[in-house]
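**Q** Handing you this structure, nothing more for now.
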2 protein chains.
Amino acid sequence: MPLETLHDLLVHELRDLHSAEQQLLDALPLLAEAANSDELRTLFTKHLDETRGQLDRLAQIFQALGESPEGKTCKGMQGLIQEAREAIQEDADPEVLDAALIVAAQKVEHYEIAGYGSVRTFAQQLGYADATRLLEQTLREETATDEKLNRAAEKRVNQRAAAAAEAPV
Amino acid sequence: MPLETLHDLLVHELRDLHSAEQQLLDALPLLAEAANSDELRTLFTKHLDETRGQLDRLAQIFQALGESPEGKTCKGMQGLIQEAREAIQEDADPEVLDAALIVAAQKVEHYEIAGYGSVRTFAQQLGYADATRLLEQTLREETATDEKLNRAAEKRVNQRAAAAAEAPV
């Protein structure tokens with residue numbers, strides 16, 4: 001598909017995100033299963049539900065644009081998920097594995113934040129009001145998930161600091 | 001390398017970022033060459049200089065930790081760069097290609113923001129003050145580059161809106 005217009009690029013990037021979300025449908029249960037802490041497992045499971053909703057929004061947009069969601073494999077997400085799978089297969093301490101899973105998930109979220117931020121701007125520029133609103137909703141969810149992962153990572157830092165302070169000198 | 005401790009995970013992720021930055025040394029000149037606007041070409045060229053500085057900082061950290069930077073290929077960045085290469089090879093209108101290059105570059109920056117954010121937190125948690133400071137510097141540069149790319153994307157939106165307002169009705 002040649003990229004002659006901004007509409008073409010919007011569709012191209014929406015297909016990329018559609019492929020990315022579909023890959024995540026398969027990958028998130030693996031992350032949830034590998035997680036050591038209940039908090040992290042719940043976070044991945046909740047994000048799996050959100051991912052289904054985000055795919056529904058993409059389906060609505062493709063339908064409104066009269067375009068097919070198929071035709072692109074997101075290579076970026078393939079690489080990110082491969083990294084996550086490698087982390088799961090490492091011979092890792094459970095707590096260290098959780099930290100590694102947070103890193104992998106934040107890379108995934110940041111991919112989506114960059115992707116959805118771009119398509120939201122393109123949809124806005126093209127005057128596609130409904131698509132802009134739907135993409136803005138997903139962008140807010142992805143940003144909120146990244147913030148939850150940040151808090152999970154920081155909590156680990158604080159817990160460690162507290163444990164160190166209580167340790168016998 | 002087993003991930004038994006947070007130090008192991010820090011080294012693992014620093015190697016990932018080292019591989020990512022080295023891949024960018026090769027990719028950024030291609031992005032600069034493909035860019036249509038002078039502003040975007042300058043932005044990519046300037047970020048190439050920053051990337052060299054960021055690799056120097058990583059080298060300092062590996063030396064201080066007594067660890068080797070080699071041993072990992074960043075699959076995430078491989079996928080992101082492959083996407084950027086595919087965008088360059090598309091049969092694209094020059095202005096649309098610039099928008100596509102901005103998307104590709106923002107995905108790269110977000111990968112690095114997630115990666116450096118994590119290693120900065122781990123270094124802090126481990127009490128590695130010099131590494132924390134160096135990683136914080138790089139994180140600030142990556143965030144600033146992403147903001148510049150945001151501004152370049154928004155400027156295109158405003159220019160289009162202005163052109164549309166001036167067009168005969």
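Simple scheme: letters A, B, ... for chains in structure tokens order, numbers from 1 for residues in each chain, numbers from 1 for ligands in the order shown.
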Please identify every residue of chain A that has at least one atom no more than 7 Å from any atom of chain B, counting only C-alpha atoms, and report them as a list in words.
**A** Pro2, Leu3, Glu4, Thr5, Leu6, Lys75, Gly76, Gln78, Gly79, Leu80, Glu83, Glu90, Asp91, Ala92, Asp93, Val96, Val103, Gln106, Lys107, His110, Tyr111, Ala114, Gly115, Ser118, Gln125 and Val157 of chain A
**Q** When you look at B:Ala32 with a cut-off of 6 Å (counting only C-alpha atoms), what residues show up, excluding the ones that are within fewer than 3 positions of it in the same chain? I need them as a ChimeraX atom specification.
**A** /B:29,35,41,44
**Q** Go ahead and save the picked residues with all heavy atoms, as a PDB file, in the first residue's frame.
**A**
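Saved result, part31.pdb, follows:
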```pdb
ATOM      1  N   PRO B  29      21.640   7.738  10.551  1.00  0.00           N
ATOM      2  CA  PRO B  29      22.020   8.380   9.284  1.00  0.00           C
ATOM      3  C   PRO B  29      21.038   8.062   8.149  1.00  0.00           C
ATOM      4  O   PRO B  29      20.790   8.903   7.293  1.00  0.00           O
ATOM      5  CB  PRO B  29      23.410   7.791   8.991  1.00  0.00           C
ATOM      6  CG  PRO B  29      23.937   7.405  10.329  1.00  0.00           C
ATOM      7  CD  PRO B  29      22.744   6.932  11.105  1.00  0.00           C
ATOM      8  N   ALA B  35      14.861  11.970   5.369  1.00  0.00           N
ATOM      9  CA  ALA B  35      13.979  13.067   5.789  1.00  0.00           C
ATOM     10  C   ALA B  35      13.855  14.119   4.693  1.00  0.00           C
ATOM     11  O   ALA B  35      14.833  14.453   4.010  1.00  0.00           O
ATOM     12  CB  ALA B  35      14.495  13.696   7.076  1.00  0.00           C
ATOM     13  N   ARG B  41      15.787  16.498   9.453  1.00  0.00           N
ATOM     14  CA  ARG B  41      17.141  16.004   9.170  1.00  0.00           C
ATOM     15  C   ARG B  41      18.105  16.464  10.277  1.00  0.00           C
ATOM     16  O   ARG B  41      18.918  15.691  10.773  1.00  0.00           O
ATOM     17  CB  ARG B  41      17.617  16.500   7.797  1.00  0.00           C
ATOM     18  CG  ARG B  41      18.844  15.741   7.306  1.00  0.00           C
ATOM     19  CD  ARG B  41      19.251  16.162   5.885  1.00  0.00           C
ATOM     20  NE  ARG B  41      18.116  16.209   4.991  1.00  0.00           N
ATOM     21  CZ  ARG B  41      17.608  17.324   4.463  1.00  0.00           C
ATOM     22  NH1 ARG B  41      18.171  18.501   4.712  1.00  0.00           N
ATOM     23  NH2 ARG B  41      16.564  17.281   3.669  1.00  0.00           N
ATOM     24  N   PHE B  44      17.553  14.471  13.521  1.00  0.00           N
ATOM     25  CA  PHE B  44      18.150  13.122  13.502  1.00  0.00           C
ATOM     26  C   PHE B  44      19.680  13.199  13.613  1.00  0.00           C
ATOM     27  O   PHE B  44      20.304  12.383  14.279  1.00  0.00           O
ATOM     28  CB  PHE B  44      17.756  12.366  12.223  1.00  0.00           C
ATOM     29  CG  PHE B  44      16.299  11.958  12.170  1.00  0.00           C
ATOM     30  CD1 PHE B  44      15.576  12.044  10.984  1.00  0.00           C
ATOM     31  CD2 PHE B  44      15.650  11.477  13.297  1.00  0.00           C
ATOM     32  CE1 PHE B  44      14.233  11.669  10.928  1.00  0.00           C
ATOM     33  CE2 PHE B  44      14.303  11.097  13.254  1.00  0.00           C
ATOM     34  CZ  PHE B  44      13.597  11.200  12.067  1.00  0.00           C
TER      35      PHE B  44
END
```
**Q** Residues at most 12 Å from A:Gln63, counting only C-alpha atoms, excluding those fewer than 6 positions away in the same chain, as a list of chain:residue names?
**A**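 Selected residues are A:Val11, A:Asp56, A:Arg57, A:Pro69, A:Asp130, A:Ala131.
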**Q** Take the selection from the previous step and output its residues with C-alpha atoms, as a PDB file, in the first residue's frame.
**A**
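See out_1.pdb below for the written result:
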```pdb
ATOM      1  CA  VAL A  11      -4.478   3.246   8.126  1.00  0.00           C
ATOM      2  CA  ASP A  56     -12.937  -3.379  19.686  1.00  0.00           C
ATOM      3  CA  ARG A  57     -12.260   0.351  19.323  1.00  0.00           C
ATOM      4  CA  PRO A  69      -7.514  -4.141   9.792  1.00  0.00           C
ATOM      5  CA  ASP A 130     -15.010   9.744  16.306  1.00  0.00           C
ATOM      6  CA  ALA A 131     -11.691   8.036  15.619  1.00  0.00           C
TER       7      ALA A 131
END
```
